$ cat entry_30.pdb   # PDB, C-alpha atoms, pLDDT in the B column
MODEL        1
ATOM      1  CA  MET A   1    -115.307  41.317 -16.176  1.00 44.00           C
ATOM      2  CA  PRO A   2    -111.836  41.047 -14.577  1.00 48.00           C
ATOM      3  CA  GLN A   3    -111.556  42.478 -11.082  1.00 50.00           C
ATOM      4  CA  THR A   4    -109.661  45.780 -10.884  1.00 74.00           C
ATOM      5  CA  ARG A   5    -106.558  45.755  -8.698  1.00 82.00           C
ATOM      6  CA  LYS A   6    -106.798  47.921  -5.590  1.00 91.00           C
ATOM      7  CA  MET A   7    -104.570  50.960  -5.727  1.00 97.00           C
ATOM      8  CA  THR A   8    -101.662  50.940  -3.286  1.00 98.00           C
ATOM      9  CA  PHE A   9     -99.960  53.922  -1.680  1.00 98.00           C
ATOM     10  CA  GLY A  10     -96.628  54.041   0.090  1.00 98.00           C
ATOM     11  CA  LEU A  11     -97.056  56.195   3.202  1.00 98.00           C
ATOM     12  CA  ILE A  12     -94.294  58.313   4.749  1.00 98.00           C
ATOM     13  CA  VAL A  13     -95.142  59.780   8.153  1.00 98.00           C
ATOM     14  CA  GLY A  14     -92.891  62.711   9.012  1.00 97.00           C
ATOM     15  CA  ASN A  15     -91.642  63.251  12.558  1.00 97.00           C
ATOM     16  CA  ARG A  16     -89.185  65.597  14.259  1.00 94.00           C
ATOM     17  CA  GLY A  17     -87.783  65.043  17.728  1.00 87.00           C
ATOM     18  CA  PHE A  18     -88.370  68.596  18.952  1.00 86.00           C
ATOM     19  CA  PHE A  19     -92.106  68.207  18.308  1.00 93.00           C
ATOM     20  CA  PRO A  20     -94.381  65.788  20.200  1.00 92.00           C
ATOM     21  CA  ALA A  21     -94.073  62.247  18.832  1.00 94.00           C
ATOM     22  CA  HIS A  22     -97.599  61.380  19.958  1.00 95.00           C
ATOM     23  CA  LEU A  23     -98.869  63.604  17.128  1.00 96.00           C
ATOM     24  CA  ALA A  24     -96.897  61.518  14.629  1.00 97.00           C
ATOM     25  CA  LEU A  25     -98.377  58.332  16.069  1.00 97.00           C
ATOM     26  CA  SER A  26    -101.989  59.549  16.105  1.00 97.00           C
ATOM     27  CA  GLY A  27    -101.504  61.155  12.677  1.00 97.00           C
ATOM     28  CA  ARG A  28    -100.164  57.880  11.310  1.00 98.00           C
ATOM     29  CA  GLU A  29    -103.161  55.980  12.656  1.00 98.00           C
ATOM     30  CA  GLU A  30    -105.616  58.512  11.269  1.00 98.00           C
ATOM     31  CA  MET A  31    -104.080  58.569   7.787  1.00 98.00           C
ATOM     32  CA  VAL A  32    -103.931  54.773   7.542  1.00 98.00           C
ATOM     33  CA  ARG A  33    -107.569  54.623   8.654  1.00 98.00           C
ATOM     34  CA  VAL A  34    -108.588  57.210   6.040  1.00 98.00           C
ATOM     35  CA  LEU A  35    -106.711  55.508   3.193  1.00 98.00           C
ATOM     36  CA  GLU A  36    -107.949  52.017   3.984  1.00 98.00           C
ATOM     37  CA  GLY A  37    -111.457  53.360   4.518  1.00 97.00           C
ATOM     38  CA  ALA A  38    -111.319  54.839   1.013  1.00 97.00           C
ATOM     39  CA  GLY A  39    -110.429  51.419  -0.384  1.00 97.00           C
ATOM     40  CA  TYR A  40    -106.658  51.736  -0.814  1.00 98.00           C
ATOM     41  CA  ASN A  41    -103.854  49.451   0.292  1.00 98.00           C
ATOM     42  CA  VAL A  42    -101.068  51.010   2.359  1.00 98.00           C
ATOM     43  CA  VAL A  43     -97.360  50.118   2.545  1.00 98.00           C
ATOM     44  CA  ILE A  44     -95.773  51.579   5.687  1.00 98.00           C
ATOM     45  CA  PRO A  45     -93.224  50.522   8.316  1.00 97.00           C
ATOM     46  CA  GLY A  46     -94.708  49.100  11.517  1.00 96.00           C
ATOM     47  CA  VAL A  47     -94.792  51.074  14.756  1.00 96.00           C
ATOM     48  CA  ASP A  48     -92.228  48.650  16.172  1.00 96.00           C
ATOM     49  CA  GLU A  49     -89.811  49.133  13.241  1.00 97.00           C
ATOM     50  CA  THR A  50     -89.263  52.891  13.609  1.00 97.00           C
ATOM     51  CA  LYS A  51     -90.058  55.467  16.288  1.00 95.00           C
ATOM     52  CA  VAL A  52     -93.907  55.444  16.404  1.00 96.00           C
ATOM     53  CA  GLY A  53     -93.919  54.107  12.819  1.00 96.00           C
ATOM     54  CA  ALA A  54     -92.731  57.446  11.421  1.00 98.00           C
ATOM     55  CA  ILE A  55     -89.568  58.526   9.566  1.00 97.00           C
ATOM     56  CA  GLU A  56     -87.083  60.859  11.218  1.00 97.00           C
ATOM     57  CA  SER A  57     -83.531  59.538  10.984  1.00 96.00           C
ATOM     58  CA  ARG A  58     -81.388  58.459   8.047  1.00 96.00           C
ATOM     59  CA  GLN A  59     -81.567  54.873   9.266  1.00 97.00           C
ATOM     60  CA  GLU A  60     -85.371  54.982   9.325  1.00 98.00           C
ATOM     61  CA  ALA A  61     -85.375  56.575   5.878  1.00 98.00           C
ATOM     62  CA  HIS A  62     -83.350  53.674   4.465  1.00 98.00           C
ATOM     63  CA  LEU A  63     -85.603  51.138   6.192  1.00 98.00           C
ATOM     64  CA  CYS A  64     -88.721  52.737   4.699  1.00 98.00           C
ATOM     65  CA  GLY A  65     -87.115  53.279   1.304  1.00 98.00           C
ATOM     66  CA  ASN A  66     -86.073  49.636   1.062  1.00 98.00           C
ATOM     67  CA  LEU A  67     -89.566  48.546   2.122  1.00 98.00           C
ATOM     68  CA  PHE A  68     -91.026  50.617  -0.715  1.00 98.00           C
ATOM     69  CA  LYS A  69     -88.487  49.146  -3.108  1.00 97.00           C
ATOM     70  CA  GLN A  70     -89.634  45.635  -2.160  1.00 97.00           C
ATOM     71  CA  HIS A  71     -93.183  46.638  -3.129  1.00 97.00           C
ATOM     72  CA  LYS A  72     -92.159  48.599  -6.215  1.00 96.00           C
ATOM     73  CA  ASP A  73     -94.496  46.675  -8.527  1.00 95.00           C
ATOM     74  CA  GLU A  74     -97.476  47.354  -6.239  1.00 96.00           C
ATOM     75  CA  ILE A  75     -97.072  50.997  -5.219  1.00 98.00           C
ATOM     76  CA  ASP A  76     -98.963  53.427  -7.458  1.00 97.00           C
ATOM     77  CA  GLY A  77     -98.066  56.599  -5.549  1.00 98.00           C
ATOM     78  CA  VAL A  78     -96.537  57.895  -2.333  1.00 98.00           C
ATOM     79  CA  ILE A  79     -98.270  60.065   0.261  1.00 98.00           C
ATOM     80  CA  VAL A  80     -96.167  62.134   2.655  1.00 98.00           C
ATOM     81  CA  THR A  81     -98.167  63.080   5.751  1.00 98.00           C
ATOM     82  CA  LEU A  82     -96.877  65.636   8.229  1.00 98.00           C
ATOM     83  CA  PRO A  83     -98.673  65.379  11.591  1.00 97.00           C
ATOM     84  CA  ASN A  84     -95.912  67.611  12.977  1.00 96.00           C
ATOM     85  CA  PHE A  85     -93.073  69.564  11.345  1.00 97.00           C
ATOM     86  CA  GLY A  86     -91.340  66.379  10.135  1.00 96.00           C
ATOM     87  CA  ASP A  87     -87.754  65.900   9.015  1.00 97.00           C
ATOM     88  CA  GLU A  88     -87.412  67.060   5.415  1.00 97.00           C
ATOM     89  CA  ARG A  89     -84.053  65.324   4.919  1.00 97.00           C
ATOM     90  CA  ALA A  90     -85.426  61.945   5.983  1.00 98.00           C
ATOM     91  CA  ILE A  91     -88.399  62.324   3.630  1.00 98.00           C
ATOM     92  CA  ALA A  92     -86.147  63.121   0.679  1.00 98.00           C
ATOM     93  CA  GLU A  93     -83.756  60.297   1.581  1.00 98.00           C
ATOM     94  CA  THR A  94     -86.621  57.796   1.701  1.00 98.00           C
ATOM     95  CA  LEU A  95     -87.689  58.646  -1.841  1.00 98.00           C
ATOM     96  CA  LYS A  96     -84.090  58.593  -3.101  1.00 97.00           C
ATOM     97  CA  VAL A  97     -83.593  55.101  -1.699  1.00 98.00           C
ATOM     98  CA  ALA A  98     -86.950  53.792  -2.950  1.00 98.00           C
ATOM     99  CA  GLN A  99     -86.449  54.992  -6.558  1.00 96.00           C
ATOM    100  CA  LEU A 100     -90.117  54.420  -7.363  1.00 96.00           C
ATOM    101  CA  ASN A 101     -90.669  57.208  -9.923  1.00 94.00           C
ATOM    102  CA  VAL A 102     -94.356  57.495  -9.007  1.00 97.00           C
ATOM    103  CA  PRO A 103     -96.519  60.533  -8.118  1.00 98.00           C
ATOM    104  CA  VAL A 104     -96.037  62.018  -4.631  1.00 98.00           C
ATOM    105  CA  LEU A 105     -98.659  63.881  -2.583  1.00 98.00           C
ATOM    106  CA  ILE A 106     -97.641  66.162   0.322  1.00 98.00           C
ATOM    107  CA  GLN A 107    -100.206  66.637   3.126  1.00 98.00           C
ATOM    108  CA  ALA A 108     -99.775  68.668   6.326  1.00 98.00           C
ATOM    109  CA  THR A 109    -102.153  68.570   9.302  1.00 98.00           C
ATOM    110  CA  PRO A 110    -103.214  71.989  10.661  1.00 97.00           C
ATOM    111  CA  ASP A 111    -102.640  73.163  14.199  1.00 94.00           C
ATOM    112  CA  GLU A 112    -105.707  73.426  16.435  1.00 89.00           C
ATOM    113  CA  THR A 113    -106.755  76.627  18.144  1.00 87.00           C
ATOM    114  CA  GLY A 114    -105.989  76.364  21.845  1.00 85.00           C
ATOM    115  CA  LYS A 115    -103.379  73.633  21.293  1.00 85.00           C
ATOM    116  CA  MET A 116    -100.349  75.711  20.386  1.00 85.00           C
ATOM    117  CA  LEU A 117     -98.113  74.913  23.366  1.00 87.00           C
ATOM    118  CA  ILE A 118     -95.163  72.571  22.868  1.00 86.00           C
ATOM    119  CA  THR A 119     -97.164  69.547  24.040  1.00 91.00           C
ATOM    120  CA  HIS A 120     -99.481  69.789  21.005  1.00 91.00           C
ATOM    121  CA  ARG A 121     -97.733  72.151  18.583  1.00 91.00           C
ATOM    122  CA  ARG A 122     -97.487  70.727  15.056  1.00 95.00           C
ATOM    123  CA  ASP A 123     -96.023  73.535  12.921  1.00 95.00           C
ATOM    124  CA  SER A 124     -96.569  71.315   9.888  1.00 96.00           C
ATOM    125  CA  PHE A 125     -97.393  74.478   7.902  1.00 96.00           C
ATOM    126  CA  CYS A 126     -93.676  75.336   7.846  1.00 96.00           C
ATOM    127  CA  GLY A 127     -92.599  71.700   7.737  1.00 97.00           C
ATOM    128  CA  LYS A 128     -94.428  71.242   4.445  1.00 97.00           C
ATOM    129  CA  MET A 129     -92.489  74.099   2.838  1.00 97.00           C
ATOM    130  CA  SER A 130     -89.205  72.561   3.992  1.00 97.00           C
ATOM    131  CA  ALA A 131     -90.158  69.111   2.698  1.00 97.00           C
ATOM    132  CA  CYS A 132     -91.202  70.493  -0.682  1.00 98.00           C
ATOM    133  CA  ASN A 133     -87.967  72.470  -0.948  1.00 97.00           C
ATOM    134  CA  ASN A 134     -85.880  69.342  -0.360  1.00 97.00           C
ATOM    135  CA  LEU A 135     -87.849  67.314  -2.914  1.00 97.00           C
ATOM    136  CA  ARG A 136     -87.356  70.054  -5.482  1.00 96.00           C
ATOM    137  CA  GLN A 137     -83.602  69.947  -4.831  1.00 96.00           C
ATOM    138  CA  ILE A 138     -83.480  66.233  -5.682  1.00 95.00           C
ATOM    139  CA  ASP A 139     -85.828  66.642  -8.689  1.00 96.00           C
ATOM    140  CA  VAL A 140     -88.753  64.685  -7.243  1.00 96.00           C
ATOM    141  CA  PRO A 141     -92.052  66.071  -8.624  1.00 95.00           C
ATOM    142  CA  TYR A 142     -94.899  66.322  -6.128  1.00 97.00           C
ATOM    143  CA  THR A 143     -98.584  67.193  -5.885  1.00 97.00           C
ATOM    144  CA  LEU A 144     -99.968  69.621  -3.312  1.00 97.00           C
ATOM    145  CA  THR A 145    -103.298  69.554  -1.522  1.00 98.00           C
ATOM    146  CA  GLU A 146    -105.783  72.307  -2.403  1.00 97.00           C
ATOM    147  CA  ARG A 147    -105.240  73.876   1.025  1.00 97.00           C
ATOM    148  CA  HIS A 148    -101.740  74.237   2.425  1.00 97.00           C
ATOM    149  CA  THR A 149    -102.792  72.373   5.594  1.00 98.00           C
ATOM    150  CA  VAL A 150    -105.737  70.003   5.687  1.00 98.00           C
ATOM    151  CA  ALA A 151    -106.939  67.404   8.183  1.00 98.00           C
ATOM    152  CA  PRO A 152    -106.772  63.792   6.922  1.00 98.00           C
ATOM    153  CA  GLY A 153    -110.342  63.069   7.985  1.00 96.00           C
ATOM    154  CA  SER A 154    -111.847  66.115   6.269  1.00 98.00           C
ATOM    155  CA  ALA A 155    -113.966  66.235   3.132  1.00 98.00           C
ATOM    156  CA  ALA A 156    -111.367  68.589   1.644  1.00 98.00           C
ATOM    157  CA  PHE A 157    -108.634  65.973   1.941  1.00 98.00           C
ATOM    158  CA  ARG A 158    -110.914  63.277   0.527  1.00 98.00           C
ATOM    159  CA  ALA A 159    -111.267  65.444  -2.574  1.00 98.00           C
ATOM    160  CA  ASP A 160    -107.468  65.854  -2.682  1.00 98.00           C
ATOM    161  CA  LEU A 161    -107.083  62.097  -2.358  1.00 98.00           C
ATOM    162  CA  ASP A 162    -109.526  61.407  -5.197  1.00 97.00           C
ATOM    163  CA  ARG A 163    -107.634  63.809  -7.478  1.00 98.00           C
ATOM    164  CA  PHE A 164    -104.293  62.269  -6.539  1.00 98.00           C
ATOM    165  CA  ALA A 165    -105.572  58.760  -7.224  1.00 98.00           C
ATOM    166  CA  ALA A 166    -106.661  59.934 -10.674  1.00 97.00           C
ATOM    167  CA  VAL A 167    -103.183  61.380 -11.278  1.00 97.00           C
ATOM    168  CA  CYS A 168    -101.651  58.029 -10.327  1.00 97.00           C
ATOM    169  CA  ARG A 169    -103.955  56.142 -12.694  1.00 94.00           C
ATOM    170  CA  VAL A 170    -103.083  58.427 -15.605  1.00 93.00           C
ATOM    171  CA  VAL A 171     -99.323  58.447 -14.944  1.00 92.00           C
ATOM    172  CA  ASN A 172     -99.089  54.696 -14.503  1.00 87.00           C
ATOM    173  CA  GLY A 173    -101.366  54.108 -17.480  1.00 85.00           C
ATOM    174  CA  LEU A 174     -99.201  56.257 -19.747  1.00 87.00           C
ATOM    175  CA  ARG A 175     -96.081  54.524 -18.443  1.00 80.00           C
ATOM    176  CA  LYS A 176     -97.222  51.324 -20.164  1.00 70.00           C
ATOM    177  CA  LEU A 177     -98.657  53.052 -23.230  1.00 77.00           C
ATOM    178  CA  ARG A 178     -97.664  51.778 -26.675  1.00 75.00           C
ATOM    179  CA  ILE A 179     -98.646  53.707 -29.809  1.00 76.00           C
ATOM    180  CA  LEU A 180     -99.055  51.891 -33.117  1.00 74.00           C
ATOM    181  CA  ALA A 181     -99.719  53.610 -36.435  1.00 72.00           C
ATOM    182  CA  ILE A 182    -101.122  51.438 -39.233  1.00 76.00           C
ATOM    183  CA  GLY A 183    -101.466  52.656 -42.799  1.00 73.00           C
ATOM    184  CA  ALA A 184     -99.862  52.835 -46.225  1.00 71.00           C
ATOM    185  CA  ARG A 185     -96.787  55.001 -46.590  1.00 70.00           C
ATOM    186  CA  PRO A 186     -97.917  57.987 -48.682  1.00 68.00           C
ATOM    187  CA  PRO A 187     -96.146  58.214 -52.054  1.00 69.00           C
ATOM    188  CA  ARG A 188     -93.919  61.136 -52.972  1.00 69.00           C
ATOM    189  CA  SER A 189     -95.809  63.694 -54.986  1.00 63.00           C
ATOM    190  CA  THR A 190     -95.146  63.913 -58.717  1.00 57.00           C
ATOM    191  CA  ARG A 191     -94.453  67.598 -58.327  1.00 58.00           C
ATOM    192  CA  SER A 192     -91.708  66.982 -55.779  1.00 58.00           C
ATOM    193  CA  ALA A 193     -90.095  64.322 -57.943  1.00 58.00           C
ATOM    194  CA  THR A 194     -90.208  66.628 -61.009  1.00 60.00           C
ATOM    195  CA  ALA A 195     -88.630  69.463 -59.011  1.00 57.00           C
ATOM    196  CA  ARG A 196     -85.793  67.203 -57.858  1.00 56.00           C
ATOM    197  CA  ASN A 197     -85.127  65.935 -61.375  1.00 60.00           C
ATOM    198  CA  SER A 198     -85.140  69.507 -62.674  1.00 57.00           C
ATOM    199  CA  TRP A 199     -82.597  70.546 -59.998  1.00 50.00           C
ATOM    200  CA  ARG A 200     -80.348  67.602 -60.898  1.00 58.00           C
ATOM    201  CA  SER A 201     -80.502  68.533 -64.620  1.00 56.00           C
ATOM    202  CA  ARG A 202     -79.488  72.124 -63.911  1.00 54.00           C
ATOM    203  CA  ALA A 203     -76.710  71.023 -61.595  1.00 54.00           C
ATOM    204  CA  SER A 204     -75.169  68.798 -64.261  1.00 54.00           C
ATOM    205  CA  MET A 205     -75.016  71.557 -66.917  1.00 53.00           C
TER
ENDMDL
END

$ encode --input "entry_30.pdb" --output "structure tokens"
Amino acid sequence: MPQTRKMTFGLIVGNRGFFPAHLALSGREEMVRVLEGAGYNVVIPGVDETKVGAIESRQEAHLCGNLFKQHKDEIDGVIVTLPNFGDERAIAETLKVAQLNVPVLIQATPDETGKMLITHRRDSFCGKMSACNNLRQIDVPYTLTERHTVAPGSAAFRADLDRFAAVCRVVNGLRKLRILAIGARPPRSTRSATARNSWRSRASM
């Protein structure tokens, strides 16, 4: 049997300067590890190409969007991960530039009890709402995780990831679908033909 191609996800890591960048870096590393561990390929800018490998500015959005565009024939879906609040405008701009027209999953990492000071505050709960609002404004459909915030390494997110992968398979399968109908063209009924002839006869009187 032919070997099935590995599914590939484009990964956008959100970041926002007011929030600690080390959360974006560690969140990026964790999400890449989770995706590759689940058997998926990942397309993402390197940590030396943008600030900690995340997307925050318009320039970074264009860099990431063009990278996705280069891999357009490989990418089956895009995952937006928010290790901190993230920049909703940069996320939307990335998808506008990429023009992939593939499913999008939005994930936000929860804050941890006892780590709510500015050095470890994520506030991705609110960041996710802002990102979703911006995507709706530019008519980009998206999929949500079962829980509003969910850790990438959790069993709950693995279930979300499995569902999203299934969505990508269906969407991309239907994109190439061709429907063929084979059969004889049914004849016009005698009754219909008689009715038409009768109408013509009356009309000519």

$ residues_near_point --input "entry_30.pdb" --point "(-89.4, 71.9, 5.5)" --cutoff "10 Å" --atoms "only C-alpha atoms" --output "list in words"
Phe85, Gly86, Asp87, Glu88, Arg89, Ile91, Ser124, Phe125, Cys126, Gly127, Lys128, Met129, Ser130, Ala131, Cys132, Asn133, Asn134 and Leu135 of chain A

$ atom_distance --input "entry_30.pdb" --atom1 "atom CA of A:Met7" --atom2 "atom CA of A:Ala166"
10.5 Å

$ resolve_selection --input "entry_30.pdb" --expression "the PyMOL selection byres ((chain A and resi 56) around 8)" --output "count of residues only"
15

$ closest_residue --input "entry_30.pdb" --among "A:Leu105, A:Leu174, A:Ala38, A:Met116" --to "A:Ala155" --atoms "all atoms listed in the file"
A:Ala38

$ residues_near_point --input "entry_30.pdb" --point "(-112.4, 48.4, -4.8)" --cutoff "9 Å" --atoms "all atoms listed in the file" --output "ChimeraX atom specification"
/A:3-7,38-40

$ atom_distance --input "entry_30.pdb" --atom1 "atom CA of A:His148" --atom2 "atom CA of A:Arg121"
16.8 Å

$ atom_distance --input "entry_30.pdb" --atom1 "atom CA of A:Gly53" --atom2 "atom CA of A:Lys72"
19.9 Å

$ residues_around --input "entry_30.pdb" --residues "stretch 157-162 of chain A" --least-positions-apart "4" --cutoff "9 Å" --atoms "all atoms listed in the file" --output "number ranges by chain"
A: 34-35, 38, 105, 107, 144-147, 150-153, 166-167

$ residues_around --input "entry_30.pdb" --residues "A:Arg122" --least-positions-apart "5" --cutoff "7 Å" --atoms "all atoms listed in the file" --output "list in words"
Phe19, Pro83, Asn84, Phe85 and Asp111 of chain A

$ closest_residue --input "entry_30.pdb" --among "A:Thr119, A:Asn172, A:Gln99, A:Ser154" --to "A:Asp139" --atoms "only C-alpha atoms"
A:Gln99

$ closest_residue --input "entry_30.pdb" --among "A:Thr8, A:Thr149, A:Gly77, A:Glu49" --to "A:Glu112" --atoms "only C-alpha atoms"
A:Thr149

$ closest_residue --input "entry_30.pdb" --among "A:Ala24, A:Val97, A:Val104, A:Ala92" --to "A:Val78" --atoms "only C-alpha atoms"
A:Val104

$ resolve_selection --input "entry_30.pdb" --expression "the PyMOL selection byres ((chain A and resi 69) around 12)" --output "ChimeraX atom specification"
/A:10,43-44,62-68,70-75,78,94-102

$ closest_residue --input "entry_30.pdb" --among "A:Ile12, A:Leu23, A:Ala181, A:Ala156" --to "A:Asp123" --atoms "all atoms listed in the file"
A:Leu23

$ resolve_selection --input "entry_30.pdb" --expression "the PyMOL selection byres ((chain A and resi 80) around 6)" --output "mmCIF file with C-alpha atoms, keeping the file's coordinate frame"
data_model
loop_
_atom_site.group_PDB
_atom_site.id
_atom_site.type_symbol
_atom_site.label_atom_id
_atom_site.label_comp_id
_atom_site.auth_asym_id
_atom_site.auth_seq_id
_atom_site.Cartn_x
_atom_site.Cartn_y
_atom_site.Cartn_z
ATOM 1 C CA ILE A 12 -94.294 58.313 4.749
ATOM 2 C CA ILE A 79 -98.270 60.065 0.261
ATOM 3 C CA THR A 81 -98.167 63.080 5.751
ATOM 4 C CA ILE A 106 -97.641 66.162 0.322
#
